[in-house]
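Colleague: This is the structure I have questions about; it appears just below.
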Amino acid sequence: MGYQSRAAVLREYGGEVSIETIEVDEPADNEVLVRTAACGVCHSDLHFKQGAMPHFPVPTVMGHEAAGVVEKVGKAVRGIEAGDHVVVCNTIYCGTCQQCLVGRPHLCLDRMGPAARRPKGAPPRLKGEGGKLIPFTDLGGFSELMLLPERAVVKIDKDIPLDRAALIGCAVLTGVGAALNTAQIKPGGRVAVFGCGGIGASIIQGARIAGAREIFAVDIMESKLEQAKSFGATDVIDSSKADPVATIREKCGGVDYAFDAVGNTHLLCQCFSSLGPRGTAVLVGAIPAGQKVEIEARGFLGEKSITGSLMGSNRFKLDVPFYLDLYRQGRLDLDSMISARRPLDQLNEAFKDMEGGAALRTVITF
Ligand SMILES: [Zn+2]
Ligand SMILES: [Zn+2]
């Protein structure tokens with residue numbers, strides 16, 4: 001037995017997604033079947049679609065920033081049942097490796113764990129024309145139904161609108177987490193955020209929540225800089241008109257934390273050059289594999305450092321309910337992060353909006 005679901009399938013890199021009816025298997029013992037309510041369109045989806053992430057094979061059911069309602073759970077699943085509202089997250093963890101045990105499940109060494117491994121020759125979980133389909137990052141959120149490991153979902157309260165909740169699963173977890181968990185911004189800290197899309201807006205909010213004193217927002221789009229102010233930026237710099245490094249150094253001598261929210265070698269260098277003596281540059285976006293980053297040394301490096309931030313160093317089963325509390329209290333603005341809502345049929349248009357640079361976050365609603 002199985003289920004039918006309309007889903008967005010990418011069959012070749014660089015192509016358009018096609019909306020197809022696919023077959024979804026019954027949940028195995030440690031899986032949950034979720035009826036998708038909303039799924040955000042993230043830059044990673046676009047990068048994958050363009051062929052910049054060849055380690056994820058095609059054909060693929062796309063999407064990874066989703067929320068929905070549990071339809072059915074496998075026999076061994078505890079604590080989640082049909083009717084529960086959930087946010088999904090691609091930080092799937094085993095729970096038993098060294099990184100999981102020290103409290104860093106986002107760096108899990110055996111991501112899916114033994115529970116998720118299927119016997120050889122078992123039928124594919126998702127099927128379409130031509131056979132097996134692969135869910136993007138093991139989620140596949142642009143589909144009416146998602147078949148997920150139980151360690152990819154967290155139950156949330158039912159009062160939160162699911163289109164807003166969906167954003168938590170990637171953009172907010174990544175951005176707010178980079179500020180609060182990875183960088184651990186201290187009250188009074190000075191912050192610069194390079195790139196003010198969905199992730200950048202989340203970092204700015206995280207910096208505001210952490211009590212940052214100054215938050216410089218850097219982008220080349222006027223509209224994004226305007227929005228950055230509403231999210232908490234204290235200074236905005238249009239880097240198509242002014243040198244952000246010189247502006248930041250002139251205003252405060254250098255920041256304590258600088259974030260590259262895009263994943264761009266030039267921006268990462270600018271982040272590093274914007275730092276004060278003990279500042280930290282945090283790479284939040286993904287720089288395409290093989291590219292080299294050149295850092296200007298200026299003699300000593302002082303005590304500056306560069307770190308990566310993977311999915312906001314999240315422990316999503318704790319972080320998602322926390323961030324939703326911040327939303328409820330009016331301290332985390334999710335409402336303004338959604339720039340458009342579109343049905344699944346318009347996913348290709350949503351990607352075009354993103355390529356044009358205007359969209360903060362388009363959410364596909366079901
Ligand atoms: Zn994402
Ligand atoms: Zn693990």
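Ordering of the structure tokens sets the chain letters (A, B, ...), residue numbers begin anew at 1 in every chain, and ligands are numbered from 1 in the order given.
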Please identify the residues whose atoms come within 9 Å of ligand 1, using only C-alpha atoms and all ligand atoms, and report them as number ranges by chain.
Modeller: A: 40-45, 63-65, 90, 167, 169-171, 174, 199, 311
Colleague: Determine, for each residue of chain A having at least one atom at most 8 Å from an atom of ligand 2, the closest pair of atoms and their separation in Å to one decimal, counting only C-alpha atoms and all ligand atoms; order by chain and ascending number, as JSON lines.
Modeller:
```
{"residue": "A:Tyr93", "atom": "CA", "partner": "ligand 2", "partner_atom_place_in_ligand_line": "1 (Zn)", "distance": 4.9}
{"residue": "A:Cys94", "atom": "CA", "partner": "ligand 2", "partner_atom_place_in_ligand_line": "1 (Zn)", "distance": 3.9}
{"residue": "A:Gly95", "atom": "CA", "partner": "ligand 2", "partner_atom_place_in_ligand_line": "1 (Zn)", "distance": 4.8}
{"residue": "A:Thr96", "atom": "CA", "partner": "ligand 2", "partner_atom_place_in_ligand_line": "1 (Zn)", "distance": 5.2}
{"residue": "A:Cys97", "atom": "CA", "partner": "ligand 2", "partner_atom_place_in_ligand_line": "1 (Zn)", "distance": 4.0}
{"residue": "A:Gln98", "atom": "CA", "partner": "ligand 2", "partner_atom_place_in_ligand_line": "1 (Zn)", "distance": 6.6}
{"residue": "A:Gln99", "atom": "CA", "partner": "ligand 2", "partner_atom_place_in_ligand_line": "1 (Zn)", "distance": 5.8}
{"residue": "A:Cys100", "atom": "CA", "partner": "ligand 2", "partner_atom_place_in_ligand_line": "1 (Zn)", "distance": 4.3}
{"residue": "A:Leu101", "atom": "CA", "partner": "ligand 2", "partner_atom_place_in_ligand_line": "1 (Zn)", "distance": 7.3}
{"residue": "A:Pro105", "atom": "CA", "partner": "ligand 2", "partner_atom_place_in_ligand_line": "1 (Zn)", "distance": 5.8}
{"residue": "A:Leu107", "atom": "CA", "partner": "ligand 2", "partner_atom_place_in_ligand_line": "1 (Zn)", "distance": 7.3}
{"residue": "A:Cys108", "atom": "CA", "partner": "ligand 2", "partner_atom_place_in_ligand_line": "1 (Zn)", "distance": 3.7}
{"residue": "A:Leu109", "atom": "CA", "partner": "ligand 2", "partner_atom_place_in_ligand_line": "1 (Zn)", "distance": 5.0}
{"residue": "A:Asp110", "atom": "CA", "partner": "ligand 2", "partner_atom_place_in_ligand_line": "1 (Zn)", "distance": 5.1}
{"residue": "A:Arg111", "atom": "CA", "partner": "ligand 2", "partner_atom_place_in_ligand_line": "1 (Zn)", "distance": 5.8}
{"residue": "A:Gly113", "atom": "CA", "partner": "ligand 2", "partner_atom_place_in_ligand_line": "1 (Zn)", "distance": 7.1}
```
Colleague: Where does DSSP see strand (DSSP E) in stretch 26-243 of chain A, if you list the residues as a ChimeraX atom specification?
Modeller: /A:31-40,60-61,65-73,85-88,126-128,131-135,145-149,153-156,190-194,214-219,235-238
Colleague: Which residue out of A:Arg35, A:His47, A:Arg164, A:Lys241 has the minimum interatomic distance to A:Gly15 when only C-alpha atoms are used?
Modeller: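 Between A:Arg35, A:His47, A:Arg164, A:Lys241, the residue approaching A:Gly15 most closely is A:His47.
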Colleague: Can you list, as a list in words, every protein, DNA or RNA residue that comes within 7 Å of A:Gly211 when you count only C-alpha atoms, leaving out same-chain residues fewer than 3 positions away?
Modeller: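 My list of contacting residues is Lys186, Pro187, Gly188, Ala207 and Arg208 of chain A.
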Colleague: Which residue gives the smallest distance to A:Leu324 among A:Ala261, A:Ala210, A:Ile237, A:Ile156, with only C-alpha atoms counted?
Modeller: A:Ile156
Colleague: May I have the residues within 6 Å of stretch 300-304 of chain A as an NGL selection string, using only C-alpha atoms and disregarding those fewer than 5 positions away in the same chain?
Modeller: :A and (277-280)
Colleague: I'd like the neighbourhood of A:Ala246 as a PyMOL selection string, where a residue qualifies if any of its atoms comes within 12 Å (using only C-alpha atoms), though same-chain residues fewer than 3 positions away should be ignored.
Modeller: chain A and resi 237+239+242-243+249-255+270-271+273-275
Colleague: Limited to N, CA and C atoms, could you put the picked residues into a file as an mmCIF file, in the first residue's frame?
Modeller:
```cif
data_model
loop_
_atom_site.group_PDB
_atom_site.id
_atom_site.type_symbol
_atom_site.label_atom_id
_atom_site.label_comp_id
_atom_site.auth_asym_id
_atom_site.auth_seq_id
_atom_site.Cartn_x
_atom_site.Cartn_y
_atom_site.Cartn_z
ATOM 1 N N ILE A 237 24.488 49.690 4.975
ATOM 2 C CA ILE A 237 25.524 50.099 4.028
ATOM 3 C C ILE A 237 25.203 49.489 2.666
ATOM 4 N N SER A 239 26.579 48.433 -0.430
ATOM 5 C CA SER A 239 27.962 48.159 -0.846
ATOM 6 C C SER A 239 28.177 48.361 -2.341
ATOM 7 N N ALA A 242 29.201 52.269 -1.411
ATOM 8 C CA ALA A 242 30.244 52.585 -0.423
ATOM 9 C C ALA A 242 31.012 51.323 -0.067
ATOM 10 N N ASP A 243 32.272 51.498 0.332
ATOM 11 C CA ASP A 243 33.081 50.357 0.760
ATOM 12 C C ASP A 243 32.661 49.976 2.184
ATOM 13 N N ARG A 249 34.900 50.328 9.705
ATOM 14 C CA ARG A 249 36.108 50.660 10.475
ATOM 15 C C ARG A 249 36.082 52.118 10.933
ATOM 16 N N GLU A 250 35.576 52.958 10.071
ATOM 17 C CA GLU A 250 35.492 54.371 10.405
ATOM 18 C C GLU A 250 34.495 54.614 11.542
ATOM 19 N N LYS A 251 33.378 53.892 11.503
ATOM 20 C CA LYS A 251 32.330 54.134 12.499
ATOM 21 C C LYS A 251 32.658 53.555 13.863
ATOM 22 N N CYS A 252 33.287 52.382 13.905
ATOM 23 C CA CYS A 252 33.484 51.767 15.229
ATOM 24 C C CYS A 252 34.847 51.104 15.395
ATOM 25 N N GLY A 253 35.708 51.214 14.402
ATOM 26 C CA GLY A 253 37.038 50.618 14.540
ATOM 27 C C GLY A 253 37.101 49.138 14.227
ATOM 28 N N GLY A 254 35.962 48.530 14.003
ATOM 29 C CA GLY A 254 35.938 47.084 13.713
ATOM 30 C C GLY A 254 34.904 46.392 14.586
ATOM 31 N N VAL A 255 34.271 45.378 14.026
ATOM 32 C CA VAL A 255 33.191 44.700 14.762
ATOM 33 C C VAL A 255 33.713 43.463 15.489
ATOM 34 N N GLN A 270 35.785 40.367 3.167
ATOM 35 C CA GLN A 270 35.310 41.647 3.717
ATOM 36 C C GLN A 270 34.909 41.488 5.185
ATOM 37 N N CYS A 271 34.283 40.365 5.500
ATOM 38 C CA CYS A 271 33.926 40.089 6.903
ATOM 39 C C CYS A 271 35.182 40.135 7.759
ATOM 40 N N SER A 273 38.073 41.492 7.174
ATOM 41 C CA SER A 273 38.685 42.824 7.221
ATOM 42 C C SER A 273 37.889 43.806 8.077
ATOM 43 N N SER A 274 36.630 43.474 8.358
ATOM 44 C CA SER A 274 35.777 44.366 9.175
ATOM 45 C C SER A 274 35.950 44.140 10.661
ATOM 46 N N LEU A 275 36.743 43.114 11.020
ATOM 47 C CA LEU A 275 36.806 42.730 12.435
ATOM 48 C C LEU A 275 37.711 43.628 13.259
#
```
Colleague: Quick one: everything within 6 Å of stretch 37-39 of chain A, counting only C-alpha atoms, minus sequence neighbours fewer than 4 positions away in the same chain. Send it as a PDB file with N, CA, C and O atoms, in the first residue's frame.
Modeller:
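Output contents, as saved in out.pdb:
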```
ATOM      1  N   GLU A  65      12.318  23.225   3.745  1.00  0.00           N
ATOM      2  CA  GLU A  65      12.029  24.191   4.833  1.00  0.00           C
ATOM      3  C   GLU A  65      10.530  24.136   5.108  1.00  0.00           C
ATOM      4  O   GLU A  65       9.794  25.040   4.744  1.00  0.00           O
ATOM      5  N   ALA A  66      10.093  23.048   5.714  1.00  0.00           N
ATOM      6  CA  ALA A  66       8.656  22.752   5.706  1.00  0.00           C
ATOM      7  C   ALA A  66       8.061  22.572   7.097  1.00  0.00           C
ATOM      8  O   ALA A  66       8.760  22.314   8.077  1.00  0.00           O
ATOM      9  N   ALA A  67       6.754  22.718   7.124  1.00  0.00           N
ATOM     10  CA  ALA A  67       5.980  22.405   8.331  1.00  0.00           C
ATOM     11  C   ALA A  67       4.678  21.765   7.884  1.00  0.00           C
ATOM     12  O   ALA A  67       4.220  21.986   6.754  1.00  0.00           O
ATOM     13  N   GLY A  68       4.093  20.966   8.737  1.00  0.00           N
ATOM     14  CA  GLY A  68       2.852  20.298   8.355  1.00  0.00           C
ATOM     15  C   GLY A  68       2.214  19.576   9.518  1.00  0.00           C
ATOM     16  O   GLY A  68       2.537  19.824  10.690  1.00  0.00           O
ATOM     17  N   GLY A 141      10.336  18.581   0.754  1.00  0.00           N
ATOM     18  CA  GLY A 141       9.214  19.356   1.287  1.00  0.00           C
ATOM     19  C   GLY A 141       8.244  19.929   0.264  1.00  0.00           C
ATOM     20  O   GLY A 141       7.138  20.329   0.624  1.00  0.00           O
ATOM     21  N   ASP A 163       2.763  28.376   7.963  1.00  0.00           N
ATOM     22  CA  ASP A 163       3.650  29.005   6.969  1.00  0.00           C
ATOM     23  C   ASP A 163       4.785  29.757   7.671  1.00  0.00           C
ATOM     24  O   ASP A 163       5.920  29.766   7.194  1.00  0.00           O
ATOM     25  N   ALA A 166       7.237  27.095   9.181  1.00  0.00           N
ATOM     26  CA  ALA A 166       8.111  26.444   8.193  1.00  0.00           C
ATOM     27  C   ALA A 166       9.474  27.126   8.108  1.00  0.00           C
ATOM     28  O   ALA A 166      10.506  26.458   7.995  1.00  0.00           O
ATOM     29  N   VAL A 363       7.049  31.441   0.228  1.00  0.00           N
ATOM     30  CA  VAL A 363       6.620  30.186   0.844  1.00  0.00           C
ATOM     31  C   VAL A 363       5.586  29.538  -0.065  1.00  0.00           C
ATOM     32  O   VAL A 363       4.634  30.190  -0.508  1.00  0.00           O
ATOM     33  N   ILE A 364       5.825  28.271  -0.377  1.00  0.00           N
ATOM     34  CA  ILE A 364       4.841  27.498  -1.131  1.00  0.00           C
ATOM     35  C   ILE A 364       3.830  26.962  -0.124  1.00  0.00           C
ATOM     36  O   ILE A 364       4.198  26.309   0.861  1.00  0.00           O
ATOM     37  N   THR A 365       2.555  27.278  -0.361  1.00  0.00           N
ATOM     38  CA  THR A 365       1.524  26.797   0.567  1.00  0.00           C
ATOM     39  C   THR A 365       0.665  25.756  -0.130  1.00  0.00           C
ATOM     40  O   THR A 365       0.432  25.832  -1.342  1.00  0.00           O
ATOM     41  N   PHE A 366       0.216  24.790   0.629  1.00  0.00           N
ATOM     42  CA  PHE A 366      -0.532  23.655   0.065  1.00  0.00           C
ATOM     43  C   PHE A 366      -2.008  23.753   0.433  1.00  0.00           C
ATOM     44  O   PHE A 366      -2.363  24.324   1.442  1.00  0.00           O
TER      45      PHE A 366
END
```
Colleague: Show which residues sit within 12 Å of stretch 75-84 of chain A, as an mmCIF file with all heavy atoms, in the first residue's frame. Count only C-alpha atoms, and ignore same-chain residues fewer than 5 positions away.
Modeller:
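Once written, selection_23.cif looks like this:
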```cif
data_model
loop_
_atom_site.group_PDB
_atom_site.id
_atom_site.type_symbol
_atom_site.label_atom_id
_atom_site.label_comp_id
_atom_site.auth_asym_id
_atom_site.auth_seq_id
_atom_site.Cartn_x
_atom_site.Cartn_y
_atom_site.Cartn_z
ATOM 1 N N GLU A 26 4.437 3.531 2.764
ATOM 2 C CA GLU A 26 3.964 3.569 4.155
ATOM 3 C C GLU A 26 5.147 3.922 5.066
ATOM 4 O O GLU A 26 6.280 3.520 4.786
ATOM 5 C CB GLU A 26 3.478 2.171 4.568
ATOM 6 C CG GLU A 26 2.146 1.757 3.989
ATOM 7 C CD GLU A 26 0.983 2.456 4.676
ATOM 8 O OE1 GLU A 26 1.150 2.929 5.821
ATOM 9 O OE2 GLU A 26 -0.080 2.550 4.051
ATOM 10 N N PRO A 27 4.912 4.627 6.181
ATOM 11 C CA PRO A 27 6.036 4.886 7.097
ATOM 12 C C PRO A 27 6.568 3.587 7.704
ATOM 13 O O PRO A 27 5.797 2.742 8.147
ATOM 14 C CB PRO A 27 5.435 5.798 8.174
ATOM 15 C CG PRO A 27 3.959 5.771 7.985
ATOM 16 C CD PRO A 27 3.667 5.287 6.602
ATOM 17 N N ALA A 28 7.917 3.458 7.686
ATOM 18 C CA ALA A 28 8.558 2.330 8.373
ATOM 19 C C ALA A 28 8.534 2.599 9.877
ATOM 20 O O ALA A 28 8.038 3.636 10.321
ATOM 21 C CB ALA A 28 9.991 2.183 7.863
ATOM 22 N N ASP A 29 9.111 1.679 10.654
ATOM 23 C CA ASP A 29 8.986 1.743 12.127
ATOM 24 C C ASP A 29 9.361 3.100 12.716
ATOM 25 O O ASP A 29 8.706 3.599 13.618
ATOM 26 C CB ASP A 29 9.870 0.673 12.771
ATOM 27 C CG ASP A 29 9.314 -0.727 12.534
ATOM 28 O OD1 ASP A 29 8.236 -0.836 11.910
ATOM 29 O OD2 ASP A 29 9.965 -1.696 12.952
ATOM 30 N N ASN A 30 10.462 3.706 12.214
ATOM 31 C CA ASN A 30 10.949 4.960 12.797
ATOM 32 C C ASN A 30 10.665 6.172 11.916
ATOM 33 O O ASN A 30 11.400 7.159 11.967
ATOM 34 C CB ASN A 30 12.453 4.864 13.072
ATOM 35 C CG ASN A 30 12.747 3.887 14.175
ATOM 36 O OD1 ASN A 30 12.964 2.703 13.900
ATOM 37 N ND2 ASN A 30 12.693 4.333 15.411
ATOM 38 N N GLU A 31 9.628 6.082 11.136
ATOM 39 C CA GLU A 31 9.312 7.187 10.226
ATOM 40 C C GLU A 31 7.949 7.791 10.536
ATOM 41 O O GLU A 31 7.097 7.151 11.157
ATOM 42 C CB GLU A 31 9.316 6.685 8.774
ATOM 43 C CG GLU A 31 10.725 6.393 8.259
ATOM 44 C CD GLU A 31 10.725 5.891 6.821
ATOM 45 O OE1 GLU A 31 9.689 5.372 6.351
ATOM 46 O OE2 GLU A 31 11.759 6.024 6.173
ATOM 47 N N VAL A 32 7.784 9.014 10.068
ATOM 48 C CA VAL A 32 6.474 9.663 10.161
ATOM 49 C C VAL A 32 6.076 10.175 8.778
ATOM 50 O O VAL A 32 6.926 10.585 7.988
ATOM 51 C CB VAL A 32 6.467 10.841 11.173
ATOM 52 C CG1 VAL A 32 6.740 10.355 12.582
ATOM 53 C CG2 VAL A 32 7.474 11.901 10.794
ATOM 54 N N LEU A 33 4.792 10.099 8.519
ATOM 55 C CA LEU A 33 4.249 10.632 7.270
ATOM 56 C C LEU A 33 3.586 11.960 7.612
ATOM 57 O O LEU A 33 2.732 12.018 8.513
ATOM 58 C CB LEU A 33 3.228 9.644 6.689
ATOM 59 C CG LEU A 33 2.621 10.014 5.345
ATOM 60 C CD1 LEU A 33 3.665 9.842 4.230
ATOM 61 C CD2 LEU A 33 1.399 9.146 5.037
ATOM 62 N N VAL A 34 4.013 13.017 6.922
ATOM 63 C CA VAL A 34 3.522 14.359 7.263
ATOM 64 C C VAL A 34 2.817 14.970 6.051
ATOM 65 O O VAL A 34 3.343 14.920 4.933
ATOM 66 C CB VAL A 34 4.694 15.270 7.704
ATOM 67 C CG1 VAL A 34 4.236 16.706 7.909
ATOM 68 C CG2 VAL A 34 5.337 14.741 8.976
ATOM 69 N N ARG A 35 1.628 15.531 6.292
ATOM 70 C CA ARG A 35 0.935 16.280 5.237
ATOM 71 C C ARG A 35 1.465 17.705 5.272
ATOM 72 O O ARG A 35 1.292 18.418 6.257
ATOM 73 C CB ARG A 35 -0.583 16.230 5.457
ATOM 74 C CG ARG A 35 -1.369 16.840 4.311
ATOM 75 C CD ARG A 35 -2.814 16.377 4.288
ATOM 76 N NE ARG A 35 -2.971 14.971 3.915
ATOM 77 C CZ ARG A 35 -2.951 14.510 2.662
ATOM 78 N NH1 ARG A 35 -2.785 15.332 1.656
ATOM 79 N NH2 ARG A 35 -3.091 13.217 2.425
ATOM 80 N N ALA A 67 6.754 22.718 7.124
ATOM 81 C CA ALA A 67 5.980 22.405 8.331
ATOM 82 C C ALA A 67 4.678 21.765 7.884
ATOM 83 O O ALA A 67 4.220 21.986 6.754
ATOM 84 C CB ALA A 67 5.702 23.676 9.133
ATOM 85 N N GLY A 68 4.093 20.966 8.737
ATOM 86 C CA GLY A 68 2.852 20.298 8.355
ATOM 87 C C GLY A 68 2.214 19.576 9.518
ATOM 88 O O GLY A 68 2.537 19.824 10.690
ATOM 89 N N VAL A 69 1.298 18.684 9.157
ATOM 90 C CA VAL A 69 0.515 17.957 10.161
ATOM 91 C C VAL A 69 0.775 16.464 9.975
ATOM 92 O O VAL A 69 0.704 15.952 8.854
ATOM 93 C CB VAL A 69 -0.994 18.269 9.996
ATOM 94 C CG1 VAL A 69 -1.813 17.503 11.037
ATOM 95 C CG2 VAL A 69 -1.250 19.772 10.100
ATOM 96 N N VAL A 70 1.073 15.784 11.085
ATOM 97 C CA VAL A 70 1.386 14.352 11.015
ATOM 98 C C VAL A 70 0.143 13.575 10.586
ATOM 99 O O VAL A 70 -0.951 13.750 11.140
ATOM 100 C CB VAL A 70 1.904 13.835 12.373
ATOM 101 C CG1 VAL A 70 2.109 12.325 12.334
ATOM 102 C CG2 VAL A 70 3.205 14.554 12.744
ATOM 103 N N ALA A 115 18.724 3.131 12.523
ATOM 104 C CA ALA A 115 17.262 2.948 12.466
ATOM 105 C C ALA A 115 16.698 3.258 11.083
ATOM 106 O O ALA A 115 15.686 2.707 10.667
ATOM 107 C CB ALA A 115 16.597 3.832 13.509
ATOM 108 N N ALA A 116 17.397 4.163 10.369
ATOM 109 C CA ALA A 116 16.846 4.614 9.082
ATOM 110 C C ALA A 116 17.342 3.765 7.912
ATOM 111 O O ALA A 116 16.867 3.913 6.798
ATOM 112 C CB ALA A 116 17.221 6.069 8.856
ATOM 113 N N LEU A 148 9.327 10.872 6.475
ATOM 114 C CA LEU A 148 10.501 11.409 7.169
ATOM 115 C C LEU A 148 10.971 10.509 8.302
ATOM 116 O O LEU A 148 10.152 9.868 8.972
ATOM 117 C CB LEU A 148 10.133 12.769 7.791
ATOM 118 C CG LEU A 148 9.570 13.817 6.843
ATOM 119 C CD1 LEU A 148 8.831 14.891 7.622
ATOM 120 C CD2 LEU A 148 10.700 14.421 6.029
ATOM 121 N N PRO A 149 12.295 10.513 8.568
ATOM 122 C CA PRO A 149 12.755 9.882 9.795
ATOM 123 C C PRO A 149 12.175 10.656 10.974
ATOM 124 O O PRO A 149 12.037 11.882 10.900
ATOM 125 C CB PRO A 149 14.279 10.054 9.750
ATOM 126 C CG PRO A 149 14.611 10.520 8.373
ATOM 127 C CD PRO A 149 13.388 11.149 7.799
ATOM 128 N N GLU A 150 11.855 9.963 12.072
ATOM 129 C CA GLU A 150 11.270 10.699 13.215
ATOM 130 C C GLU A 150 12.237 11.752 13.744
ATOM 131 O O GLU A 150 11.814 12.749 14.313
ATOM 132 C CB GLU A 150 10.857 9.740 14.338
ATOM 133 C CG GLU A 150 11.992 8.949 14.938
ATOM 134 C CD GLU A 150 11.547 8.112 16.147
ATOM 135 O OE1 GLU A 150 10.713 8.597 16.939
ATOM 136 O OE2 GLU A 150 12.039 6.998 16.288
ATOM 137 N N ARG A 151 13.564 11.544 13.535
ATOM 138 C CA ARG A 151 14.544 12.524 14.011
ATOM 139 C C ARG A 151 14.730 13.681 13.028
ATOM 140 O O ARG A 151 15.734 14.387 13.075
ATOM 141 C CB ARG A 151 15.869 11.847 14.322
ATOM 142 C CG ARG A 151 15.756 11.069 15.610
ATOM 143 C CD ARG A 151 17.087 10.621 16.112
ATOM 144 N NE ARG A 151 16.923 9.987 17.417
ATOM 145 C CZ ARG A 151 17.580 8.900 17.789
ATOM 146 N NH1 ARG A 151 18.421 8.324 16.961
ATOM 147 N NH2 ARG A 151 17.399 8.403 18.986
ATOM 148 N N ALA A 152 13.759 13.856 12.128
ATOM 149 C CA ALA A 152 13.759 15.034 11.264
ATOM 150 C C ALA A 152 12.595 15.959 11.607
ATOM 151 O O ALA A 152 12.401 16.966 10.936
ATOM 152 C CB ALA A 152 13.671 14.617 9.799
ATOM 153 N N VAL A 153 11.817 15.603 12.635
ATOM 154 C CA VAL A 153 10.651 16.436 12.948
ATOM 155 C C VAL A 153 10.626 16.812 14.421
ATOM 156 O O VAL A 153 11.112 16.078 15.273
ATOM 157 C CB VAL A 153 9.306 15.746 12.583
ATOM 158 C CG1 VAL A 153 9.270 15.357 11.131
ATOM 159 C CG2 VAL A 153 9.037 14.548 13.459
ATOM 160 N N VAL A 154 10.075 17.983 14.688
ATOM 161 C CA VAL A 154 9.843 18.406 16.070
ATOM 162 C C VAL A 154 8.406 18.904 16.176
ATOM 163 O O VAL A 154 7.923 19.644 15.319
ATOM 164 C CB VAL A 154 10.866 19.485 16.525
ATOM 165 C CG1 VAL A 154 10.944 20.637 15.552
ATOM 166 C CG2 VAL A 154 10.543 20.008 17.923
ATOM 167 N N LYS A 155 7.751 18.433 17.234
ATOM 168 C CA LYS A 155 6.353 18.806 17.467
ATOM 169 C C LYS A 155 6.294 20.259 17.948
ATOM 170 O O LYS A 155 7.131 20.673 18.748
ATOM 171 C CB LYS A 155 5.805 17.865 18.542
ATOM 172 C CG LYS A 155 4.358 18.012 18.852
ATOM 173 C CD LYS A 155 3.976 16.912 19.854
ATOM 174 C CE LYS A 155 2.711 17.287 20.588
ATOM 175 N NZ LYS A 155 2.315 16.246 21.550
ATOM 176 N N ILE A 156 5.322 21.007 17.457
ATOM 177 C CA ILE A 156 5.159 22.406 17.896
ATOM 178 C C ILE A 156 3.725 22.638 18.356
ATOM 179 O O ILE A 156 2.837 21.819 18.069
ATOM 180 C CB ILE A 156 5.510 23.411 16.761
ATOM 181 C CG1 ILE A 156 4.569 23.226 15.563
ATOM 182 C CG2 ILE A 156 6.957 23.259 16.329
ATOM 183 C CD1 ILE A 156 4.595 24.380 14.580
ATOM 184 N N ASP A 157 3.500 23.744 19.040
ATOM 185 C CA ASP A 157 2.141 24.085 19.482
ATOM 186 C C ASP A 157 1.279 24.440 18.271
ATOM 187 O O ASP A 157 1.772 24.959 17.275
ATOM 188 C CB ASP A 157 2.188 25.271 20.457
ATOM 189 C CG ASP A 157 2.847 24.884 21.774
ATOM 190 O OD1 ASP A 157 2.834 23.681 22.102
ATOM 191 O OD2 ASP A 157 3.396 25.780 22.443
ATOM 192 N N LYS A 158 -0.027 24.183 18.428
ATOM 193 C CA LYS A 158 -0.920 24.336 17.272
ATOM 194 C C LYS A 158 -1.358 25.780 17.015
ATOM 195 O O LYS A 158 -2.014 26.061 16.023
ATOM 196 C CB LYS A 158 -2.147 23.442 17.452
ATOM 197 C CG LYS A 158 -1.791 21.957 17.326
ATOM 198 C CD LYS A 158 -3.004 21.047 17.397
ATOM 199 C CE LYS A 158 -2.541 19.605 17.225
ATOM 200 N NZ LYS A 158 -3.577 18.632 17.499
ATOM 201 N N ASP A 159 -0.979 26.713 17.898
ATOM 202 C CA ASP A 159 -1.411 28.100 17.676
ATOM 203 C C ASP A 159 -0.517 28.835 16.676
ATOM 204 O O ASP A 159 -0.835 29.944 16.255
ATOM 205 C CB ASP A 159 -1.416 28.874 19.012
ATOM 206 C CG ASP A 159 -0.029 28.980 19.628
ATOM 207 O OD1 ASP A 159 0.703 27.962 19.596
ATOM 208 O OD2 ASP A 159 0.337 30.055 20.119
ATOM 209 N N LEU A 162 1.341 27.642 10.282
ATOM 210 C CA LEU A 162 2.353 26.714 9.755
ATOM 211 C C LEU A 162 3.245 27.330 8.677
ATOM 212 O O LEU A 162 4.378 26.888 8.483
ATOM 213 C CB LEU A 162 1.673 25.438 9.248
ATOM 214 C CG LEU A 162 1.173 24.527 10.385
ATOM 215 C CD1 LEU A 162 0.222 23.452 9.866
ATOM 216 C CD2 LEU A 162 2.330 23.888 11.128
#
```
Colleague: Find the residue from A:Ala358, A:Leu332, A:Ala122, A:Val284 that sits nearest to A:Ile209; use only C-alpha atoms when measuring.
Modeller: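 Closest residue, counting only C-alpha atoms: A:Leu332.
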Colleague: According to DSSP computed on the backbone, where in stretch 167-244 of chain A is there alpha helix (DSSP H)? Give the residues as a PyMOL selection string.
Modeller: chain A and resi 167+173-177+198-210+222-231+244
Colleague: Just checking: using only C-alpha atoms, which residue out of A:Met146, A:Val236, A:Met221, A:Val191 ends up closest to A:Leu360?
Modeller: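 Counting only C-alpha atoms, the residue closest to A:Leu360 is A:Met221.
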